[in-house]
Structure formats: structure tokens, C-alpha cells
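Colleague: Here's a structure for you.
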Amino acid sequence: MAKKDTYKYELHDGHKTVYVGTTKNPERREAEHRADGKDFTNMTIIGRPSTAEGAGKWEEDRIDTYKRNHGGDRPKYNQNDSGK
């Protein structure tokens with residue numbers, strides 16, 4: 001059985017989602033985003049840890065939903081539709 005050790009998260013600037021992602025280490029990943037110069041007010045963990053496969057599927061689906069609701073645009077810091 002696959003390990004459920006991957007967190008799903010979003011970066012927000014106020015009420016706006018600026019990034020959708022997954023990680024095994026939220027604290028490290030938040031620090032990496034800040035070091036990369038991403039401008040955001042908070043990181044929100046979404047739900048419980050998932051398998052890497054399940055979290056990856058969620059990430060793609062979440063970006064697709066965002067695009068449908070924002071005229072085809074991705075969150076500010078997501079470079080592509082898979083989040084990778």
C-alpha cells in the first residue's frame with residue numbers, strides 16, 4: 001500500500017490563490033518559496049496527507065478548476081497545468 005505522506009497546499013496573497021502544490025515537507029517548502037521571492041501572505045494545507053499519486057492528481061484538478069474560474073489563467077506562480 002502506498003504511503004500517505006504528501007501534503008497538498010495553496011499559497012495565498014490575501015484571498016487570492018497564487019500557487020497550488022504538493023510536498024512531503026511543508027515547512028521546508030514554504031521556506032523555499034519565500035527564498036525564491038514568491039510574494040504570499042500564507043500557506044494553507046489542504047486536507048490530510050495523501051499518496052504522491054493522489055496529491056498529484058489533486059494538484060492537476062485544482063489548477064484546472066482555477067483556470068475554469070479565472071478565464072484560463074493559472075495561479076500566478078504555477079508555470080504549467082501539472083504543477084511540475
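Note on naming: chains are A, B, ... as they come in the C-alpha cells, residues start from 1 per chain, ligands start from 1 in the order shown.
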Using only C-alpha atoms, which residues sit within 7 Å of segment 60-65 of chain A once same-chain residues fewer than 5 positions away are excluded, as a list in words?
Modeller: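 Neighbouring residues, sequence-local ones excluded: Val20, Arg74, Asp81, Ser82 and Gly83 of chain A.
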Colleague: Convert the current residue selection to file output with C-alpha atoms, as a PDB file, in the first residue's frame.
Modeller:
```pdb
ATOM      1  CA  VAL A  20      -1.009  25.247  -5.929  1.00  0.00           C
ATOM      2  CA  ARG A  74      -3.171  29.638 -13.934  1.00  0.00           C
ATOM      3  CA  ASP A  81      -1.012  22.810 -15.821  1.00  0.00           C
ATOM      4  CA  SER A  82       0.504  19.868 -13.947  1.00  0.00           C
ATOM      5  CA  GLY A  83       2.172  21.994 -11.281  1.00  0.00           C
TER       6      GLY A  83
END
```
Colleague: Within 12 Å of Gly14 of chain A, counting only C-alpha atoms, which residues qualify if same-chain residues fewer than 6 places away don't, as a ChimeraX atom specification?
Modeller: /A:39-44
Colleague: Counting only C-alpha atoms, which of A:Thr6, A:Asn69, A:Thr51, A:Asn80 gets nearest to Asn25 of chain A?
Modeller: A:Thr6
Colleague: Please return, as an MDAnalysis selection string, all residues of chain A that DSSP assigns to strand (DSSP E) on the basis of the backbone.
Modeller: chainID A and resid 6:13 16:23 42:50
Colleague: Could you save the residues just selected, with N, CA and C atoms, as a compact mmCIF listing (two decimals), in the first residue's frame?
Modeller:
```txt
# COMPACT_ATOMS: atom_id res chain seq x y z
N THR A 6 2.23 12.84 1.49
CA THR A 6 2.35 14.01 0.63
C THR A 6 1.22 14.99 0.95
N TYR A 7 1.62 16.22 1.25
CA TYR A 7 0.67 17.28 1.60
C TYR A 7 0.28 18.07 0.37
N LYS A 8 -0.98 18.46 0.33
CA LYS A 8 -1.50 19.34 -0.71
C LYS A 8 -1.57 20.74 -0.09
N TYR A 9 -1.19 21.77 -0.86
CA TYR A 9 -1.22 23.11 -0.27
C TYR A 9 -1.47 24.17 -1.33
N GLU A 10 -1.86 25.35 -0.85
CA GLU A 10 -2.01 26.53 -1.68
C GLU A 10 -1.30 27.69 -1.01
N LEU A 11 -0.68 28.54 -1.81
CA LEU A 11 -0.15 29.80 -1.32
C LEU A 11 -1.17 30.88 -1.65
N HIS A 12 -1.43 31.76 -0.70
CA HIS A 12 -2.39 32.84 -0.90
C HIS A 12 -1.73 34.18 -0.65
N ASP A 13 -2.16 35.16 -1.42
CA ASP A 13 -1.82 36.55 -1.18
C ASP A 13 -3.14 37.22 -0.84
N LYS A 16 -6.42 35.71 -2.54
CA LYS A 16 -6.13 35.21 -3.88
C LYS A 16 -5.14 34.04 -3.83
N THR A 17 -5.47 32.95 -4.52
CA THR A 17 -4.56 31.81 -4.66
C THR A 17 -3.50 32.17 -5.68
N VAL A 18 -2.22 32.07 -5.27
CA VAL A 18 -1.13 32.40 -6.18
C VAL A 18 -0.27 31.19 -6.55
N TYR A 19 -0.50 30.05 -5.88
CA TYR A 19 0.25 28.83 -6.20
C TYR A 19 -0.48 27.63 -5.62
N VAL A 20 -0.45 26.53 -6.35
CA VAL A 20 -1.01 25.25 -5.93
C VAL A 20 0.12 24.24 -6.01
N GLY A 21 0.31 23.44 -4.95
CA GLY A 21 1.41 22.48 -5.00
C GLY A 21 1.25 21.32 -4.03
N THR A 22 2.26 20.45 -4.04
CA THR A 22 2.32 19.30 -3.14
C THR A 22 3.75 19.18 -2.60
N THR A 23 3.88 18.60 -1.42
CA THR A 23 5.20 18.44 -0.82
C THR A 23 5.14 17.39 0.28
N ASN A 42 0.20 33.68 3.15
CA ASN A 42 0.12 32.45 3.93
C ASN A 42 0.09 31.20 3.05
N MET A 43 0.46 30.09 3.68
CA MET A 43 0.42 28.77 3.05
C MET A 43 -0.66 27.98 3.77
N THR A 44 -1.61 27.43 3.02
CA THR A 44 -2.70 26.66 3.61
C THR A 44 -2.56 25.20 3.20
N ILE A 45 -2.50 24.31 4.19
CA ILE A 45 -2.50 22.87 3.92
C ILE A 45 -3.94 22.46 3.64
N ILE A 46 -4.15 21.71 2.57
CA ILE A 46 -5.49 21.30 2.16
C ILE A 46 -5.71 19.83 2.51
N GLY A 47 -6.64 19.57 3.41
CA GLY A 47 -6.98 18.20 3.77
C GLY A 47 -5.87 17.47 4.49
N ARG A 48 -5.92 16.17 4.43
CA ARG A 48 -4.94 15.29 5.07
C ARG A 48 -3.86 14.88 4.07
N PRO A 49 -2.72 14.38 4.57
CA PRO A 49 -1.70 13.86 3.65
C PRO A 49 -2.29 12.75 2.76
N SER A 50 -1.79 12.69 1.54
CA SER A 50 -2.26 11.73 0.54
C SER A 50 -1.07 10.94 0.01
```
Colleague: Rank nothing, just name the residue among A:Lys67, A:Tyr77, A:Gly72, A:Lys3 nearest to His33 of chain A, using only C-alpha atoms.
Modeller: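 Of all the options, A:Tyr77 lies closest to His33 of chain A.
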Colleague: Mind listing the helix (DSSP H, G or I) residues of chain A, per DSSP on the backbone, as a PyMOL selection string?
Modeller: chain A and resi 26-35+52-69
Colleague: Would you export the selected residues with C-alpha atoms as a tab-separated table (two decimals), in the first residue's frame, please?
Modeller:
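Listed below is the output, result37.tsv:
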```tsv
chain	number	residue	atom	x	y	z
A	26	PRO	CA	5.51	21.83	4.20
A	27	GLU	CA	7.85	23.87	6.42
A	28	ARG	CA	10.83	23.38	4.10
A	29	ARG	CA	8.73	24.06	1.01
A	30	GLU	CA	7.29	27.28	2.42
A	31	ALA	CA	10.82	28.50	3.20
A	32	GLU	CA	11.92	27.59	-0.36
A	33	HIS	CA	9.05	29.61	-1.87
A	34	ARG	CA	9.95	32.63	0.28
A	35	ALA	CA	13.65	32.28	-0.63
A	52	ALA	CA	2.07	11.09	-4.01
A	53	GLU	CA	-0.13	9.90	-6.88
A	54	GLY	CA	-3.34	11.16	-5.24
A	55	ALA	CA	-1.78	14.51	-4.37
A	56	GLY	CA	-0.50	14.92	-7.94
A	57	LYS	CA	-3.98	14.26	-9.32
A	58	TRP	CA	-5.47	16.78	-6.87
A	59	GLU	CA	-2.88	19.36	-7.98
A	60	GLU	CA	-3.76	18.97	-11.67
A	61	ASP	CA	-7.50	19.05	-10.91
A	62	ARG	CA	-7.13	22.13	-8.69
A	63	ILE	CA	-5.20	24.02	-11.37
A	64	ASP	CA	-7.87	23.06	-13.95
A	65	THR	CA	-10.61	24.35	-11.63
A	66	TYR	CA	-8.70	27.58	-11.05
A	67	LYS	CA	-8.32	28.08	-14.80
A	68	ARG	CA	-12.04	27.50	-15.43
A	69	ASN	CA	-12.86	30.14	-12.82
```
